[in-house]
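Here's final-v9.tsv, which has TSV, C-alpha atoms:
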```
chain	number	residue	atom	x	y	z
A	12	MET	CA	-12.50	59.73	0.12
A	13	PHE	CA	-9.43	59.84	-2.12
A	14	CYS	CA	-8.93	57.55	-5.11
A	15	PRO	CA	-6.05	55.16	-4.33
A	16	LYS	CA	-4.99	55.11	-7.98
A	17	CYS	CA	-4.97	58.77	-9.05
A	18	GLY	CA	-5.50	60.65	-5.76
A	19	THR	CA	-8.62	62.58	-6.80
A	20	ALA	CA	-10.44	63.91	-3.72
A	21	ASP	CA	-14.12	64.10	-2.77
A	22	GLN	CA	-15.12	60.67	-4.04
A	23	LYS	CA	-18.06	58.61	-2.83
A	24	LYS	CA	-17.55	55.12	-1.46
A	25	ASN	CA	-18.71	52.06	-3.45
A	26	THR	CA	-18.61	54.02	-6.71
A	27	TYR	CA	-16.09	54.62	-9.45
A	28	CYS	CA	-13.50	57.39	-9.54
A	29	ARG	CA	-14.61	60.34	-11.65
A	30	LYS	CA	-11.11	60.76	-13.02
A	31	CYS	CA	-9.59	57.32	-13.62
A	32	GLY	CA	-12.58	54.94	-13.34
A	33	GLU	CA	-11.11	52.83	-10.52
A	34	TYR	CA	-13.62	51.14	-8.18
A	35	LEU	CA	-13.63	52.74	-4.72
A	36	PRO	CA	-14.77	50.20	-2.12
A	37	ASP	CA	-16.04	51.19	1.32
A	38	LEU	CA	-13.21	49.92	3.48
A	39	SER	CA	-14.98	50.79	6.74
A	40	LYS	CA	-17.57	48.04	6.20
A	41	LYS	CA	-16.92	44.32	6.10
A	42	ASN	CA	-17.18	43.04	2.53
A	43	ASN	CA	-20.37	40.99	2.20
A	44	THR	CA	-19.81	39.36	-1.17
A	45	THR	CA	-21.47	36.00	-1.55
A	46	PHE	CA	-19.01	34.12	-3.73
A	47	GLY	CA	-15.97	36.35	-3.52
A	48	GLY	CA	-14.85	39.35	-5.47
A	49	ASN	CA	-14.20	42.71	-3.90
A	50	THR	CA	-15.12	44.79	-6.94
A	51	PRO	CA	-18.07	44.53	-9.32
A	52	GLU	CA	-15.67	43.33	-12.04
A	53	GLU	CA	-14.48	40.47	-9.84
A	54	GLN	CA	-18.05	39.63	-8.87
A	55	ILE	CA	-19.00	39.47	-12.55
A	56	ARG	CA	-16.07	37.12	-13.21
A	57	VAL	CA	-17.14	34.80	-10.37
A	58	SER	CA	-20.76	34.94	-11.51
A	59	GLN	CA	-19.75	34.12	-15.09
A	60	THR	CA	-17.79	31.10	-13.91
A	61	LEU	CA	-20.75	29.80	-11.90
A	62	ASN	CA	-23.18	30.48	-14.76
A	63	ALA	CA	-21.01	28.62	-17.26
A	64	LEU	CA	-20.51	25.68	-14.92
A	65	SER	CA	-24.21	25.34	-14.08
A	66	ALA	CA	-25.20	25.66	-17.77
A	67	VAL	CA	-22.81	22.87	-18.76
A	68	VAL	CA	-23.97	20.61	-15.92
A	69	SER	CA	-27.65	21.29	-16.68
A	70	PHE	CA	-27.25	20.50	-20.40
A	71	ALA	CA	-25.22	17.37	-19.62
A	72	MET	CA	-27.79	16.07	-17.13
A	73	ALA	CA	-30.69	16.75	-19.53
A	74	VAL	CA	-28.91	14.92	-22.35
A	75	LEU	CA	-28.17	11.96	-20.05
A	76	LEU	CA	-31.79	11.76	-18.94
A	77	TYR	CA	-33.10	11.84	-22.51
A	78	TRP	CA	-30.45	9.38	-23.71
A	79	ASN	CA	-31.09	6.82	-20.97
A	80	HIS	CA	-34.88	6.99	-21.02
A	81	TRP	CA	-35.98	7.97	-24.54
A	82	GLY	CA	-38.21	5.36	-26.16
A	83	LYS	CA	-38.06	2.90	-23.25
A	84	PRO	CA	-41.34	1.49	-21.98
A	85	ASP	CA	-42.67	2.33	-18.55
A	86	VAL	CA	-40.79	5.65	-18.18
A	87	SER	CA	-42.54	8.21	-16.03
A	88	SER	CA	-43.36	11.56	-17.60
A	89	THR	CA	-41.63	13.13	-14.61
A	90	VAL	CA	-38.25	12.12	-16.07
A	91	TYR	CA	-38.99	14.02	-19.29
A	92	MET	CA	-40.25	17.01	-17.32
A	93	ALA	CA	-37.05	17.00	-15.24
A	94	ALA	CA	-34.97	16.88	-18.42
A	95	ALA	CA	-36.97	19.78	-19.89
A	96	PHE	CA	-36.50	21.71	-16.66
A	97	LEU	CA	-32.74	21.08	-16.79
A	98	LEU	CA	-32.67	22.34	-20.38
A	99	THR	CA	-34.53	25.48	-19.30
A	100	ILE	CA	-32.04	26.06	-16.48
A	101	GLY	CA	-29.15	25.54	-18.93
A	102	VAL	CA	-30.58	28.10	-21.35
A	103	TRP	CA	-31.16	30.58	-18.51
A	104	GLN	CA	-27.59	30.20	-17.20
A	105	ALA	CA	-26.14	30.47	-20.71
A	106	SER	CA	-28.06	33.72	-21.27
A	107	ASN	CA	-26.78	35.05	-17.93
A	108	TYR	CA	-23.25	34.19	-19.03
A	109	VAL	CA	-23.72	36.18	-22.25
A	110	ILE	CA	-25.14	39.14	-20.33
A	111	GLY	CA	-22.14	38.99	-17.97
A	112	ARG	CA	-19.76	39.09	-20.94
A	113	LYS	CA	-21.49	42.20	-22.28
A	114	LEU	CA	-21.36	43.83	-18.86
A	115	LYS	CA	-17.65	43.03	-18.55
A	116	LYS	CA	-17.01	44.62	-21.98
A	117	HIS	CA	-18.97	47.69	-20.85
A	118	PHE	CA	-16.78	48.02	-17.73
A	119	ASN	CA	-13.62	47.65	-19.82
A	120	LYS	CA	-14.74	50.28	-22.36
A	121	ARG	CA	-15.64	52.67	-19.58
A	122	LYS	CA	-12.29	52.18	-17.88
A	123	GLU	CA	-10.36	52.59	-21.16
A	124	GLY	CA	-12.39	55.69	-22.02
A	125	SER	CA	-11.60	57.31	-18.69
A	126	GLU	CA	-7.88	56.53	-19.06
A	127	ILE	CA	-7.80	58.07	-22.56
A	128	GLU	CA	-9.75	61.08	-21.28
A	129	ASN	CA	-7.31	61.53	-18.39
A	130	LYS	CA	-4.28	61.40	-20.70
A	131	SER	CA	-5.76	64.00	-23.05
A	132	ALA	CA	-6.71	66.21	-20.09
A	133	GLU	CA	-3.20	65.96	-18.69
A	134	LYS	CA	-1.75	67.08	-22.02
A	135	GLN	CA	-4.27	69.90	-22.37
A	136	PHE	CA	-4.03	71.28	-18.84
A	137	GLN	CA	-0.41	71.51	-17.81
A	138	PRO	CA	0.11	73.00	-14.36
A	139	ALA	CA	1.48	76.55	-14.35
A	140	GLN	CA	4.10	77.86	-11.97
A	141	THR	CA	2.64	79.63	-8.95
A	142	ASN	CA	4.73	82.75	-9.42
A	143	GLU	CA	3.25	83.13	-12.92
A	144	GLN	CA	-0.31	83.12	-11.58
A	145	LEU	CA	-0.13	85.17	-8.38
A	146	PRO	CA	1.62	88.49	-7.63
A	147	GLU	CA	3.80	88.83	-4.57
A	148	ALA	CA	1.88	89.42	-1.34
A	149	ASP	CA	1.48	93.04	-0.17
A	150	LEU	CA	2.27	92.95	3.56
A	151	SER	CA	1.96	96.69	4.18
A	152	ASN	CA	-1.72	96.67	5.24
A	153	ILE	CA	-1.68	93.78	7.66
A	154	ALA	CA	-3.82	94.25	10.80
A	155	GLN	CA	-2.18	93.75	14.16
A	156	SER	CA	-2.74	90.39	15.72
A	157	SER	CA	-3.69	92.02	19.03
A	158	ILE	CA	-6.43	94.23	17.60
A	159	THR	CA	-9.12	92.52	19.67
A	160	GLU	CA	-7.04	92.78	22.82
A	161	ASN	CA	-6.68	96.56	22.37
A	162	SER	CA	-10.37	97.09	21.68
A	163	THR	CA	-11.32	95.03	24.74
A	164	ARG	CA	-8.93	97.10	26.89
A	165	HIS	CA	-10.38	100.36	25.52
A	166	LEU	CA	-13.92	99.19	26.28
A	167	ALA	CA	-12.95	98.22	29.80
A	168	GLU	CA	-11.41	101.69	30.33
A	169	LYS	CA	-14.61	103.39	29.09
A	170	ILE	CA	-16.75	101.29	31.43
A	171	ASN	CA	-14.48	102.13	34.37
A	172	ARG	CA	-14.69	105.88	33.59
A	173	LYS	CA	-18.49	105.81	33.43
A	174	SER	CA	-18.81	103.93	36.72
A	175	SER	CA	-16.46	106.36	38.53
```

Starting from the file, lay out its structure as structure tokens.
Amino acid sequence: MFCPKCGTADQKKNTYCRKCGEYLPDLSKKNNTTFGGNTPEEQIRVSQTLNALSAVVSFAMAVLLYWNHWGKPDVSSTVYMAAAFLLTIGVWQASNYVIGRKLKKHFNKRKEGSEIENKSAEKQFQPAQTNEQLPEADLSNIAQSSITENSTRHLAEKINRKSS
């Protein structure tokens, strides 16, 4: 597989380019992403959005439950357990959001590092002219293209002589 961004050959599908860091999806398979996003970076963005939304909703619902039922007589303990469970979910989703942010920064650093590395490599390794690297071809010792035809004919003549 070739990288669509820089053209580097011999890449593996569903990995990152060794030269420029671009994600290389497997285009032969149907994309089975759950909530969208064709690349891991896009999937992280979608996941972060869902984590933030569910954390906010969980915290809001827990606060509403505590606010409406705190200190009132005849309130079932199940309401307080549900509020505690919603707080736990909110904390879990908030921590997932933070982890997603760190992962996104890691992807960005990796991509920036590969771009800087590519620019320095391009400056260091400038392509040379072909005539500077290779001498002119020596065409004096070229074998005939019909060498196998002649040897086959000679063998056939030898076989005919022996059989006669």

Checklist entry - From the list A:Tyr77, A:Tyr108, A:Phe118, A:Phe70, which residue is nearest Val90 in chain A when using all atoms listed in the file? => result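 Smallest separation from Val90 in chain A among the options: A:Tyr77.
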
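Our summary of the geometry notes that CA of Met12 in chain A is positioned 14.3 Å from CA of Gly32 in chain A.
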
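If you look at CA of Thr19 in chain A and CA of Cys31 in chain A, they are 8.7 Å away from each other.
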
Checklist entry - From the list A:Leu98, A:Leu35, A:Asn62, A:Lys173, which residue is nearest Ala20 in chain A when using only C-alpha atoms? => result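 Closest to Ala20 in chain A of all the choices is A:Leu35.
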
Item to check | Separation of CA of Pro84 in chain A from CA of Leu97 in chain A, in Å and rounded to one decimal | outcome: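 If I compute the distance from CA of Pro84 in chain A to CA of Leu97 in chain A, I get 22.0 Å.
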
Next on the checklist: Which residue is closest to Asn119 in chain A? Choose from A:Asp37, A:Glu147, A:Asp21, A:Glu52 and count only C-alpha atoms.
Outcome noted: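 Smallest distance to Asn119 in chain A is found for A:Glu52.
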
Checklist entry - Which residue, A:Ala63, A:Ile153, A:Ala71, A:Val86, has the smallest gap to Gln104 in chain A when you use all atoms listed in the file? => result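 Distance minimum relative to Gln104 in chain A lands on A:Ala63.
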
Around range 75-80 of chain A, fit a box with edges along x, y and z, padding it by 8 Å on each side, then list its centre and edge lengths in Å to one decimal as lines of an AutoDock Vina configuration file.
```
center_x = -31.5
center_y = 9.4
center_z = -21.3
size_x = 22.7
size_y = 21.1
size_z = 20.8
```
